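Next up, upload_10.csv (CSV, C-alpha atoms):
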chain,number,residue,atom,x,y,z
A,124,MET,CA,-16.5,-20.1,-5.8
A,125,ARG,CA,-15.7,-16.5,-4.7
A,126,MET,CA,-12.0,-15.8,-4.2
A,127,VAL,CA,-11.1,-15.0,-0.6
A,128,ALA,CA,-8.0,-13.0,0.2
A,129,THR,CA,-6.5,-12.1,3.5
A,130,ILE,CA,-4.7,-8.9,4.1
A,131,VAL,CA,-2.0,-8.8,6.8
A,132,THR,CA,-1.7,-5.4,8.5
A,133,VAL,CA,1.2,-5.1,11.0
A,134,ALA,CA,1.2,-2.1,13.2
A,135,LEU,CA,4.6,-0.9,14.2
A,136,SER,CA,5.9,1.4,16.8
A,137,ILE,CA,9.2,3.2,16.2
A,138,CYS,CA,11.3,5.5,18.2
A,139,GLY,CA,14.3,6.9,16.3
A,140,CYS,CA,16.3,4.0,15.1
A,141,SER,CA,14.8,1.3,17.3
A,142,GLY,CA,13.1,-1.8,16.1
A,143,PRO,CA,9.3,-2.3,15.9
A,144,ASP,CA,6.9,-3.0,18.7
A,145,THR,CA,4.6,-5.6,17.3
A,146,SER,CA,2.1,-5.7,20.2
A,147,ALA,CA,-0.7,-5.0,17.7
A,148,LEU,CA,-0.9,-7.2,14.7
A,149,VAL,CA,-4.2,-7.6,13.0
A,150,ALA,CA,-5.1,-9.9,10.1
A,151,ASN,CA,-8.2,-8.8,8.2
A,152,ASP,CA,-9.9,-11.3,5.9
A,153,ALA,CA,-11.4,-9.8,2.8
A,154,SER,CA,-14.6,-11.6,3.4
A,155,PRO,CA,-16.8,-9.6,5.8
A,156,GLY,CA,-16.7,-10.1,9.5
A,157,VAL,CA,-13.5,-12.1,9.9
A,158,VAL,CA,-10.9,-10.3,12.0
A,159,VAL,CA,-8.1,-12.1,13.8
A,160,ASP,CA,-6.2,-10.2,16.4
A,161,ALA,CA,-2.9,-12.0,16.4
A,162,SER,CA,-1.7,-10.0,19.5
A,163,VAL,CA,-3.9,-12.3,21.6
A,164,SER,CA,-3.6,-15.5,19.6
A,165,ASN,CA,-1.0,-18.2,19.3
A,166,ASP,CA,-0.2,-17.0,15.8
A,167,ALA,CA,1.1,-13.6,16.9
A,168,SER,CA,4.6,-12.5,15.9
A,169,GLY,CA,7.3,-12.7,18.5
A,170,ALA,CA,9.1,-9.8,20.2
A,171,ASP,CA,11.6,-9.7,17.4
A,172,GLY,CA,9.0,-8.2,15.2
A,173,ASN,CA,8.9,-11.0,12.6
A,174,MET,CA,5.7,-12.1,10.9
A,175,ASN,CA,5.5,-15.9,11.1
A,176,ASP,CA,4.9,-18.0,7.9
A,177,ARG,CA,1.2,-18.4,8.6
A,178,GLU,CA,0.5,-14.7,8.8
A,179,ILE,CA,2.4,-13.6,5.7
A,180,GLU,CA,1.2,-16.7,3.8
A,181,ALA,CA,-2.4,-15.9,4.7
A,182,SER,CA,-2.2,-12.7,2.6
A,183,MET,CA,-1.1,-14.8,-0.4
A,184,ASP,CA,-3.1,-18.1,-0.2
A,185,ASP,CA,-6.1,-17.1,-2.3
A,186,VAL,CA,-8.8,-19.6,-3.2
A,187,ALA,CA,-9.3,-19.5,-7.0
A,188,PRO,CA,-12.9,-19.0,-8.1
A,189,ALA,CA,-14.8,-21.3,-10.5
A,190,ASP,CA,-14.3,-18.7,-13.3
A,191,SER,CA,-11.5,-20.4,-15.3
A,192,SER,CA,-10.6,-17.1,-16.9
A,193,PHE,CA,-9.2,-15.9,-13.6
A,194,VAL,CA,-5.4,-15.9,-13.8
A,195,HIS,CA,-3.9,-15.8,-10.3
A,196,ASP,CA,-0.3,-16.6,-11.2
A,197,GLY,CA,2.4,-15.2,-13.4
A,198,PRO,CA,5.9,-13.6,-13.0
A,199,SER,CA,6.8,-12.8,-9.5
A,200,VAL,CA,6.8,-9.0,-8.9
A,201,PHE,CA,6.3,-6.7,-5.9
A,202,THR,CA,5.2,-3.1,-5.7
A,203,PHE,CA,6.0,-0.8,-2.8
A,204,PHE,CA,3.6,2.2,-2.2
A,205,HIS,CA,4.3,5.3,-0.1
A,206,GLY,CA,1.1,6.1,1.9
A,207,ILE,CA,2.6,7.9,5.0
A,208,PRO,CA,0.8,11.3,4.9
A,209,ASN,CA,3.3,13.3,7.1
A,210,ALA,CA,6.3,12.3,4.9
A,211,ARG,CA,6.8,14.1,1.6
A,212,ALA,CA,9.1,11.3,0.4
A,213,LEU,CA,10.8,8.2,1.6
A,214,ARG,CA,13.7,6.0,0.7
A,215,LEU,CA,13.7,2.2,1.0
A,216,CYS,CA,16.3,-0.4,1.9
A,217,PHE,CA,16.0,-4.1,2.4
A,218,LEU,CA,17.6,-6.5,4.9
A,219,ALA,CA,18.1,-10.1,3.8
A,220,GLY,CA,19.1,-13.3,5.5
A,221,LYS,CA,17.3,-15.4,8.2
A,222,ALA,CA,15.0,-13.8,10.7
A,223,THR,CA,17.5,-14.0,13.5
A,224,SER,CA,20.4,-12.6,11.3
A,225,MET,CA,19.4,-9.9,8.9
A,226,VAL,CA,21.9,-7.7,7.1
A,227,PRO,CA,21.4,-4.7,4.8
A,228,LEU,CA,21.8,-5.3,1.1
A,229,PRO,CA,24.9,-3.4,-0.3
A,230,VAL,CA,22.8,-1.4,-2.8
A,231,LEU,CA,21.7,2.3,-3.0
A,232,ALA,CA,18.7,3.3,-1.0
A,233,MET,CA,15.7,3.2,-3.4
A,234,PRO,CA,14.8,5.1,-5.4
A,235,SER,CA,18.1,6.6,-6.1
A,236,ASP,CA,16.9,9.9,-7.7
A,237,THR,CA,17.0,13.2,-6.0
A,238,LEU,CA,13.5,13.4,-4.6
A,239,GLY,CA,13.0,9.8,-3.4
A,240,LEU,CA,9.7,8.0,-3.5
A,241,LEU,CA,7.0,10.7,-3.3
A,242,TYR,CA,3.8,10.4,-1.2
A,243,GLY,CA,1.1,8.6,-3.3
A,244,SER,CA,3.5,6.9,-5.6
A,245,ALA,CA,5.1,3.5,-5.9
A,246,PHE,CA,7.9,1.5,-7.5
A,247,SER,CA,8.0,-2.1,-8.7
A,248,ALA,CA,10.7,-4.8,-9.0
A,249,GLN,CA,11.0,-8.5,-9.8
A,250,SER,CA,14.2,-9.0,-7.9
A,251,LEU,CA,16.5,-7.4,-5.3
A,252,GLU,CA,20.2,-7.2,-6.2
A,253,GLY,CA,22.2,-9.3,-3.8
A,254,ALA,CA,19.2,-11.2,-2.4
A,255,ASP,CA,17.8,-14.6,-3.1
A,256,LEU,CA,14.1,-14.1,-2.7
A,257,ALA,CA,13.3,-17.8,-2.7
A,258,ALA,CA,15.8,-18.7,0.0
A,259,GLN,CA,16.2,-15.6,2.1
A,260,ASP,CA,13.9,-13.7,4.4
A,261,ILE,CA,13.4,-10.0,3.3
A,262,GLN,CA,12.8,-7.1,5.7
A,263,PRO,CA,11.9,-3.6,4.3
A,264,VAL,CA,13.4,-0.5,6.1
A,265,VAL,CA,11.8,2.9,5.4
A,266,TYR,CA,13.6,6.2,5.8
A,267,THR,CA,11.6,9.4,6.1
A,268,GLY,CA,12.6,13.0,6.8
A,269,ALA,CA,15.4,14.8,4.9
A,270,VAL,CA,15.7,11.9,2.5
A,271,GLU,CA,17.5,14.1,0.0
A,272,THR,CA,20.6,13.9,2.3
A,273,ILE,CA,20.9,10.2,1.8
A,274,GLN,CA,20.7,10.2,-2.0
A,275,GLY,CA,23.5,8.0,-3.3
A,276,ARG,CA,24.1,6.3,0.1
A,277,ARG,CA,24.2,2.5,0.2
A,278,CYS,CA,21.9,0.7,2.6
A,279,ASP,CA,24.8,-1.0,4.4
A,280,GLU,CA,26.1,2.6,5.1
A,281,LEU,CA,22.9,3.6,6.9
A,282,GLU,CA,23.0,1.4,10.0
A,283,ALA,CA,23.8,4.6,12.0
A,284,VAL,CA,20.8,6.7,11.3
A,285,PRO,CA,21.8,10.1,9.9
A,286,GLU,CA,20.5,13.4,11.5
A,287,LYS,CA,17.0,14.5,10.4
A,288,ILE,CA,16.2,11.0,9.3
A,289,THR,CA,13.7,8.6,10.9
A,290,ARG,CA,14.1,4.9,10.3
A,291,THR,CA,11.2,2.5,10.4
A,292,ILE,CA,12.0,-1.2,10.4
A,293,LEU,CA,9.1,-3.2,8.9
A,294,PRO,CA,8.3,-6.8,9.5
A,295,VAL,CA,10.2,-9.7,8.0
A,296,VAL,CA,8.7,-11.1,4.8
A,297,PRO,CA,9.4,-14.9,4.8
A,298,ALA,CA,11.6,-16.5,2.1
A,299,GLY,CA,9.7,-17.4,-1.0
A,300,THR,CA,6.8,-14.9,-0.5
A,301,LEU,CA,8.1,-12.6,-3.2
A,302,SER,CA,9.1,-15.4,-5.6
A,303,ARG,CA,6.0,-17.6,-5.8
A,304,GLY,CA,4.5,-16.2,-9.0
A,305,ARG,CA,2.3,-13.5,-7.5
A,306,SER,CA,2.0,-9.7,-7.8
A,307,VAL,CA,2.5,-8.5,-4.2
A,308,LEU,CA,1.6,-5.0,-3.0
A,309,MET,CA,3.3,-3.6,0.1
A,310,ILE,CA,2.0,-0.3,1.5
A,311,ALA,CA,3.6,1.9,4.1
A,312,ALA,CA,0.7,3.6,5.9
A,313,GLY,CA,0.1,5.4,9.2
A,314,CYS,CA,2.4,8.3,10.3
A,315,ALA,CA,6.0,8.8,11.2
A,316,PRO,CA,6.7,10.3,14.6
A,317,MET,CA,6.4,14.1,14.7
A,318,GLN,CA,5.9,16.7,17.3
A,319,VAL,CA,2.9,18.7,16.2
A,320,GLU,CA,0.3,21.0,17.9
A,321,ASP,CA,-2.8,19.2,16.7
A,322,PRO,CA,-5.5,17.8,19.1
A,323,ASP,CA,-6.8,15.5,16.4
A,324,THR,CA,-3.8,13.5,15.1
A,325,GLN,CA,-6.0,10.4,15.1
A,326,SER,CA,-8.0,11.7,12.2
A,327,VAL,CA,-4.8,11.9,10.2
A,328,CYS,CA,-2.8,8.9,11.3
A,329,GLY,CA,-5.2,6.5,13.1
A,330,ASP,CA,-6.2,5.9,16.7
A,331,ASP,CA,-2.9,4.3,17.7
A,332,TYR,CA,-0.7,7.2,16.7
A,333,SER,CA,1.6,8.8,19.2
A,334,SER,CA,4.0,11.7,18.4
A,335,GLU,CA,6.9,9.9,20.0
A,336,LYS,CA,6.6,6.6,18.3
A,337,GLY,CA,4.3,7.2,15.3
A,338,ASN,CA,2.3,4.2,14.0
A,339,VAL,CA,3.8,3.3,10.6
A,340,THR,CA,2.1,0.2,9.3
A,341,MET,CA,2.8,-2.2,6.5
A,342,MET,CA,-0.2,-3.6,4.6
A,343,VAL,CA,0.4,-6.5,2.3
A,344,ALA,CA,-2.0,-7.8,-0.4
A,345,SER,CA,-1.8,-9.8,-3.6
A,346,MET,CA,-3.1,-7.9,-6.6
A,347,ASP,CA,-5.2,-10.1,-9.0
A,348,ARG,CA,-4.2,-10.6,-12.6
A,349,SER,CA,-7.5,-11.8,-14.0
A,350,SER,CA,-7.1,-10.6,-17.6
A,351,PRO,CA,-10.8,-10.0,-18.2
A,352,ALA,CA,-11.9,-10.1,-21.8
A,353,GLY,CA,-13.4,-6.9,-23.2
A,354,ALA,CA,-13.0,-5.0,-19.9
A,355,MET,CA,-10.5,-3.7,-17.4
A,356,GLY,CA,-10.2,-5.6,-14.1
A,357,VAL,CA,-10.3,-3.1,-11.2
A,358,GLN,CA,-9.7,-3.6,-7.4
A,359,VAL,CA,-9.5,-1.0,-4.6
A,360,ILE,CA,-7.5,-1.2,-1.4
A,361,SER,CA,-8.0,1.1,1.6
A,362,ALA,CA,-4.6,2.3,2.9
A,363,SER,CA,-6.0,5.0,5.2
A,364,LYS,CA,-5.6,4.0,8.9
A,365,ALA,CA,-7.7,7.1,9.8
A,366,THR,CA,-10.8,6.1,7.8
A,367,GLU,CA,-12.9,3.4,9.3
A,368,LYS,CA,-14.9,2.5,6.1
A,369,LEU,CA,-14.6,3.9,2.6
A,370,GLY,CA,-15.9,3.3,-0.8
A,371,LEU,CA,-14.9,4.4,-4.3
A,372,ASP,CA,-16.8,5.0,-7.5
A,373,HIS,CA,-15.9,6.2,-11.0
A,374,VAL,CA,-17.9,8.9,-12.7
A,375,THR,CA,-18.0,10.0,-16.4
A,376,ALA,CA,-19.6,13.4,-17.1
A,377,PHE,CA,-20.8,13.1,-20.7
A,378,PRO,CA,-23.0,11.1,-20.5
A,379,TYR,CA,-23.2,11.0,-16.7
A,380,LYS,CA,-22.6,7.5,-15.3
A,381,ALA,CA,-21.5,6.5,-11.8
A,382,THR,CA,-19.9,3.0,-11.4
A,383,VAL,CA,-19.4,1.7,-7.9
A,384,LEU,CA,-15.9,0.0,-7.7
A,385,ALA,CA,-15.8,-0.9,-4.0
A,386,ALA,CA,-17.8,-0.2,-0.8
A,387,SER,CA,-17.2,-0.5,3.0
A,388,LEU,CA,-13.5,-1.1,2.8
A,389,SER,CA,-11.8,-1.2,6.2
A,390,PRO,CA,-8.0,-0.3,6.4
A,391,GLY,CA,-6.0,-3.0,4.7
A,392,LYS,CA,-8.9,-4.5,2.8
A,393,ILE,CA,-8.8,-5.1,-1.0
A,394,ALA,CA,-11.9,-5.8,-3.0
A,395,PRO,CA,-13.6,-7.0,-5.1
A,396,ARG,CA,-12.4,-10.6,-5.6
A,397,PRO,CA,-12.3,-11.3,-8.5
A,398,PRO,CA,-11.8,-7.7,-9.8
A,399,SER,CA,-14.7,-5.6,-11.1
A,400,LYS,CA,-15.2,-5.8,-14.9
A,401,GLU,CA,-17.6,-2.8,-15.0
A,402,LEU,CA,-15.1,-0.4,-16.8
A,403,SER,CA,-13.7,-0.7,-20.3
A,404,VAL,CA,-11.6,1.7,-22.4
A,405,ALA,CA,-14.7,2.5,-24.5
A,406,ASN,CA,-16.7,3.9,-21.6
A,407,LEU,CA,-13.9,6.1,-20.2
A,408,GLY,CA,-14.2,8.9,-22.8
A,409,THR,CA,-11.3,10.8,-24.2
A,410,SER,CA,-11.1,13.9,-22.0
A,411,SER,CA,-9.5,14.1,-18.6
A,412,GLN,CA,-12.4,16.2,-17.4
A,413,GLU,CA,-14.8,13.4,-18.2
A,414,ASN,CA,-13.4,11.0,-15.6
A,415,LEU,CA,-13.5,11.3,-11.8
A,416,LEU,CA,-12.7,8.9,-9.0
A,417,ARG,CA,-14.7,9.7,-5.9
A,418,VAL,CA,-14.3,8.6,-2.3
A,419,PHE,CA,-17.3,8.0,0.0
A,420,VAL,CA,-17.2,7.2,3.7
A,421,ASP,CA,-19.6,4.6,5.0
A,422,ASN,CA,-23.3,5.6,4.8
A,423,SER,CA,-22.5,9.0,3.1
A,424,MET,CA,-24.5,10.1,0.1
A,425,THR,CA,-22.0,12.7,-1.1
A,426,PRO,CA,-18.3,12.2,-2.0
A,427,VAL,CA,-15.8,13.4,0.6
A,428,ALA,CA,-12.7,13.3,-1.7
A,429,GLU,CA,-12.2,13.1,-5.4
A,430,SER,CA,-9.4,13.0,-8.0
A,431,LEU,CA,-9.3,13.3,-11.8
A,432,LEU,CA,-8.7,9.9,-13.1
A,433,THR,CA,-5.8,11.3,-15.1
A,434,ASP,CA,-4.1,12.6,-11.9
A,435,ALA,CA,-4.6,9.2,-10.2
A,436,LEU,CA,-3.1,7.5,-13.2
A,437,ASP,CA,-0.1,9.8,-13.4
A,438,ARG,CA,0.8,9.1,-9.7
A,439,GLY,CA,0.9,5.4,-10.7
A,440,GLY,CA,3.0,5.9,-13.8
A,441,LEU,CA,0.0,5.5,-16.1
A,442,SER,CA,-2.0,7.6,-18.5
A,443,LEU,CA,-5.5,7.5,-20.0
A,444,SER,CA,-4.0,6.3,-23.3
A,445,SER,CA,-2.1,3.5,-21.6
A,446,LEU,CA,-5.2,1.8,-20.2
A,447,GLN,CA,-6.1,-1.5,-21.9
A,448,ASP,CA,-9.0,-3.9,-21.8
A,449,GLY,CA,-7.8,-7.3,-20.6
A,450,LYS,CA,-5.4,-5.7,-18.1
A,451,ASP,CA,-5.9,-5.3,-14.3
A,452,TYR,CA,-5.5,-2.2,-12.1
A,453,THR,CA,-5.5,-1.5,-8.4
A,454,VAL,CA,-6.7,1.8,-6.9
A,455,VAL,CA,-5.0,2.7,-3.7
A,456,VAL,CA,-6.7,5.2,-1.4
A,457,ALA,CA,-4.3,6.4,1.3
A,458,GLY,CA,-3.7,9.2,3.8
A,459,PRO,CA,-5.8,11.0,6.4
A,460,ASN,CA,-9.5,11.1,6.9
A,461,PRO,CA,-10.8,12.8,3.8
A,462,GLY,CA,-12.2,15.7,5.8
A,463,ARG,CA,-8.8,16.7,7.2
A,464,GLN,CA,-6.6,19.5,5.9
A,465,GLY,CA,-3.4,20.8,7.5
A,466,ASP,CA,0.1,22.1,7.1
A,467,TRP,CA,2.0,19.1,8.7
A,468,PHE,CA,0.5,16.4,6.5
A,469,HIS,CA,-0.7,15.7,3.0
A,470,SER,CA,-4.3,15.2,2.1
A,471,MET,CA,-5.9,11.9,1.1
A,472,VAL,CA,-4.5,10.6,-2.1
A,473,ILE,CA,-5.9,8.3,-4.8
A,474,THR,CA,-3.5,6.4,-7.1
A,475,VAL,CA,-4.1,3.8,-9.8
A,476,LEU,CA,-1.4,1.1,-10.1
A,477,PRO,CA,-1.0,-1.6,-12.7
A,478,SER,CA,-1.7,-4.9,-11.0
A,479,ASP,CA,0.8,-6.6,-13.3
A,480,PRO,CA,3.6,-4.0,-13.6
Show me the file's structure as structure tokens.
Amino acid sequence: MRMVATIVTVALSICGCSGPDTSALVANDASPGVVVDASVSNDASGADGNMNDREIEASMDDVAPADSSFVHDGPSVFTFFHGIPNARALRLCFLAGKATSMVPLPVLAMPSDTLGLLYGSAFSAQSLEGADLAAQDIQPVVYTGAVETIQGRRCDELEAVPEKITRTILPVVPAGTLSRGRSVLMIAAGCAPMQVEDPDTQSVCGDDYSSEKGNVTMMVASMDRSSPAGAMGVQVISASKATEKLGLDHVTAFPYKATVLAASLSPGKIAPRPPSKELSVANLGTSSQENLLRVFVDNSMTPVAESLLTDALDRGGLSLSSLQDGKDYTVVVAGPNPGRQGDWFHSMVITVLPSDP
């Protein structure tokens, strides 16, 4: 039986330090043609901006396929990816508690280095200091702007938003979601609010963008840990709100070979399930110039964006020599429509992450 996964995409509106407007919440099933608009259903989140248990659980409750080699459990771990194209870097805090009473964790805003989490990169953790992931709800809070000014600041010291900083409060992740033996990927997508002279911001940020509120979105998916024998397991997730459908292939130059990894991915969709087993270490070659990842928009015959595999690996903390058969990897494609270039945002980015960091 094919594995079915549901991706929960929560569209948020922000204004300075205010909470999110969850009037648009869309759950996209990874099987084709299933779209549930929770803003008009009984399962929609309430005005407090919390995802209810059914919505967040839907992104995690996968049906295991008949292939007994598929391993869908293991150590609990989460990965947070920065895919906001008009933010050079971000810092992340977490609130913990119950949905009606959330308080900032008394820890440094993450990551604690000088630059923050750069666009197109991610960090992973198995726990959060000061939080009980099994018993407490967790709520991510994203800070963009001059994030170098809050280096070394604790999250409980940032309730008053500093100057030149925008705070985005993401939805509540229910207790137990991050402690149930899954590898969870959370992606910050869409754009932060910004006053720009650009008549086509939608091709950068998505149709629901406004310069006053932005449209920062959290996409949530479980990354499969299939441990395929003699091959690498590969999945692709579209984290571009500005690209209606996209596909990705891998190309080797000598000899030339193109391998389709995913096709017709809408924003927030991860595929295939189970992961593709078409690539192995032996058919990657040894030179960085031999390997490309190429993005196609739906129905296009020529690629619209590409990245050296080595660059995509480097953004995910990997290298060509670190890849192993029997391991799983997730390729994140994020940012604006691949045809857009500009001085107020970063171009589309392709990053390879370990599915079991």
Can you write out as JSON lines which residues of segment 202-278 of chain A fall within 7 Å of segment 454-468 of chain A, alongside each residue's closest atom pair and its distance in Å to one decimal, counting all atoms listed in the file and ordering rows by chain and ascending residue number?
{"residue": "A:Gly206", "atom": "CA", "partner": "A:Ala457", "partner_atom": "CA", "distance": 5.4}
{"residue": "A:Ile207", "atom": "CA", "partner": "A:Gly458", "partner_atom": "CA", "distance": 6.5}
{"residue": "A:Pro208", "atom": "CA", "partner": "A:Gly458", "partner_atom": "CA", "distance": 5.1}
{"residue": "A:Asn209", "atom": "CA", "partner": "A:Phe468", "partner_atom": "CA", "distance": 4.2}
Straight-line distance linking atom CA of Ser478 of chain A with atom CA of Val359 of chain A, stated in Å to one decimal
10.8 Å
Residue neighbourhood Met346 of chain A, 8 Å, all atoms listed in the file, exclusion window fewer than 4 positions, as a PyMOL selection string
chain A and resi 305-308+358+453+478-479
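Among the candidate residues A:Pro227, A:Pro397, A:Gly268, A:Gly370, the one lying nearest to Ile288 of chain A is A:Gly268, with distances computed using only C-alpha atoms.
Non-sequential neighbours of Glu367 of chain A (distance at most 10 Å, separation of 3 or more positions within a chain, all atoms listed in the file) are Gly329, Ser361, Ser363, Lys364, Ser387, Leu388, Ser389, Pro390, Val420, Asp421 and Asn460 of chain A.
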May I have the residues from that selection written out with C-alpha atoms, as an mmCIF file, keeping the file's coordinate frame?
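Just written: result-v6.cif:
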data_model
loop_
_atom_site.group_PDB
_atom_site.id
_atom_site.type_symbol
_atom_site.label_atom_id
_atom_site.label_comp_id
_atom_site.auth_asym_id
_atom_site.auth_seq_id
_atom_site.Cartn_x
_atom_site.Cartn_y
_atom_site.Cartn_z
ATOM 1 C CA GLY A 329 -5.200 6.500 13.100
ATOM 2 C CA SER A 361 -8.000 1.100 1.600
ATOM 3 C CA SER A 363 -6.000 5.000 5.200
ATOM 4 C CA LYS A 364 -5.600 4.000 8.900
ATOM 5 C CA SER A 387 -17.200 -0.500 3.000
ATOM 6 C CA LEU A 388 -13.500 -1.100 2.800
ATOM 7 C CA SER A 389 -11.800 -1.200 6.200
ATOM 8 C CA PRO A 390 -8.000 -0.300 6.400
ATOM 9 C CA VAL A 420 -17.200 7.200 3.700
ATOM 10 C CA ASP A 421 -19.600 4.600 5.000
ATOM 11 C CA ASN A 460 -9.500 11.100 6.900
#
For Gly439 of chain A, find every residue with an atom within 6 Å (counting only C-alpha atoms), except residues of its own chain fewer than 5 positions away, and show them as a PyMOL selection string.
chain A and resi 244+474-476
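The space separating atom CA of Ser430 of chain A from atom CA of Ala405 of chain A comes to 20.3 Å.
The closest residue to Gly275 of chain A, picked from A:Ile360, A:Val230, A:Leu293, A:Ala312 and counting all atoms listed in the file, is A:Val230.
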In the coordinate frame of the file, compute which residues have an atom within 6 Å of (8.2, 7.4, 13.2) when using only C-alpha atoms, and state them as number ranges by chain.
A: 137, 315-316, 336-337
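The gap separating atom CA of Lys450 of chain A from atom CA of Ala354 of chain A is 7.8 Å, in Å to one decimal.
Closest approach to Ile292 of chain A among A:Asp347, A:Leu446, A:Gly356, A:Ile261 is made by A:Ile261 (distances from all atoms listed in the file).
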Skip Arg211 of chain A itself and residues of its chain fewer than 6 positions away, then list as a PyMOL selection string all residues within 10 Å of it, counting only C-alpha atoms.
chain A and resi 205+238-243+267-270+467-469
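Counting only C-alpha atoms, the residue from A:Ala258, A:Arg417, A:Val284, A:Arg303 that sits nearest to Ser345 of chain A is A:Arg303.
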Counting only C-alpha atoms, what is within 9 Å of Gly220 of chain A, bar same-chain residues fewer than 5 positions away, as number ranges by chain?
A: 225-227, 254-255, 258-262, 298
Ranking A:Asn414, A:Asn338, A:Thr272, A:Thr202 by minimum distance to Lys287 of chain A and counting only C-alpha atoms, which one comes first?
A:Thr272
Which is closest to Val264 of chain A among A:Leu402, A:Leu215, A:Ile310, A:Leu436, if we use only C-alpha atoms?
A:Leu215
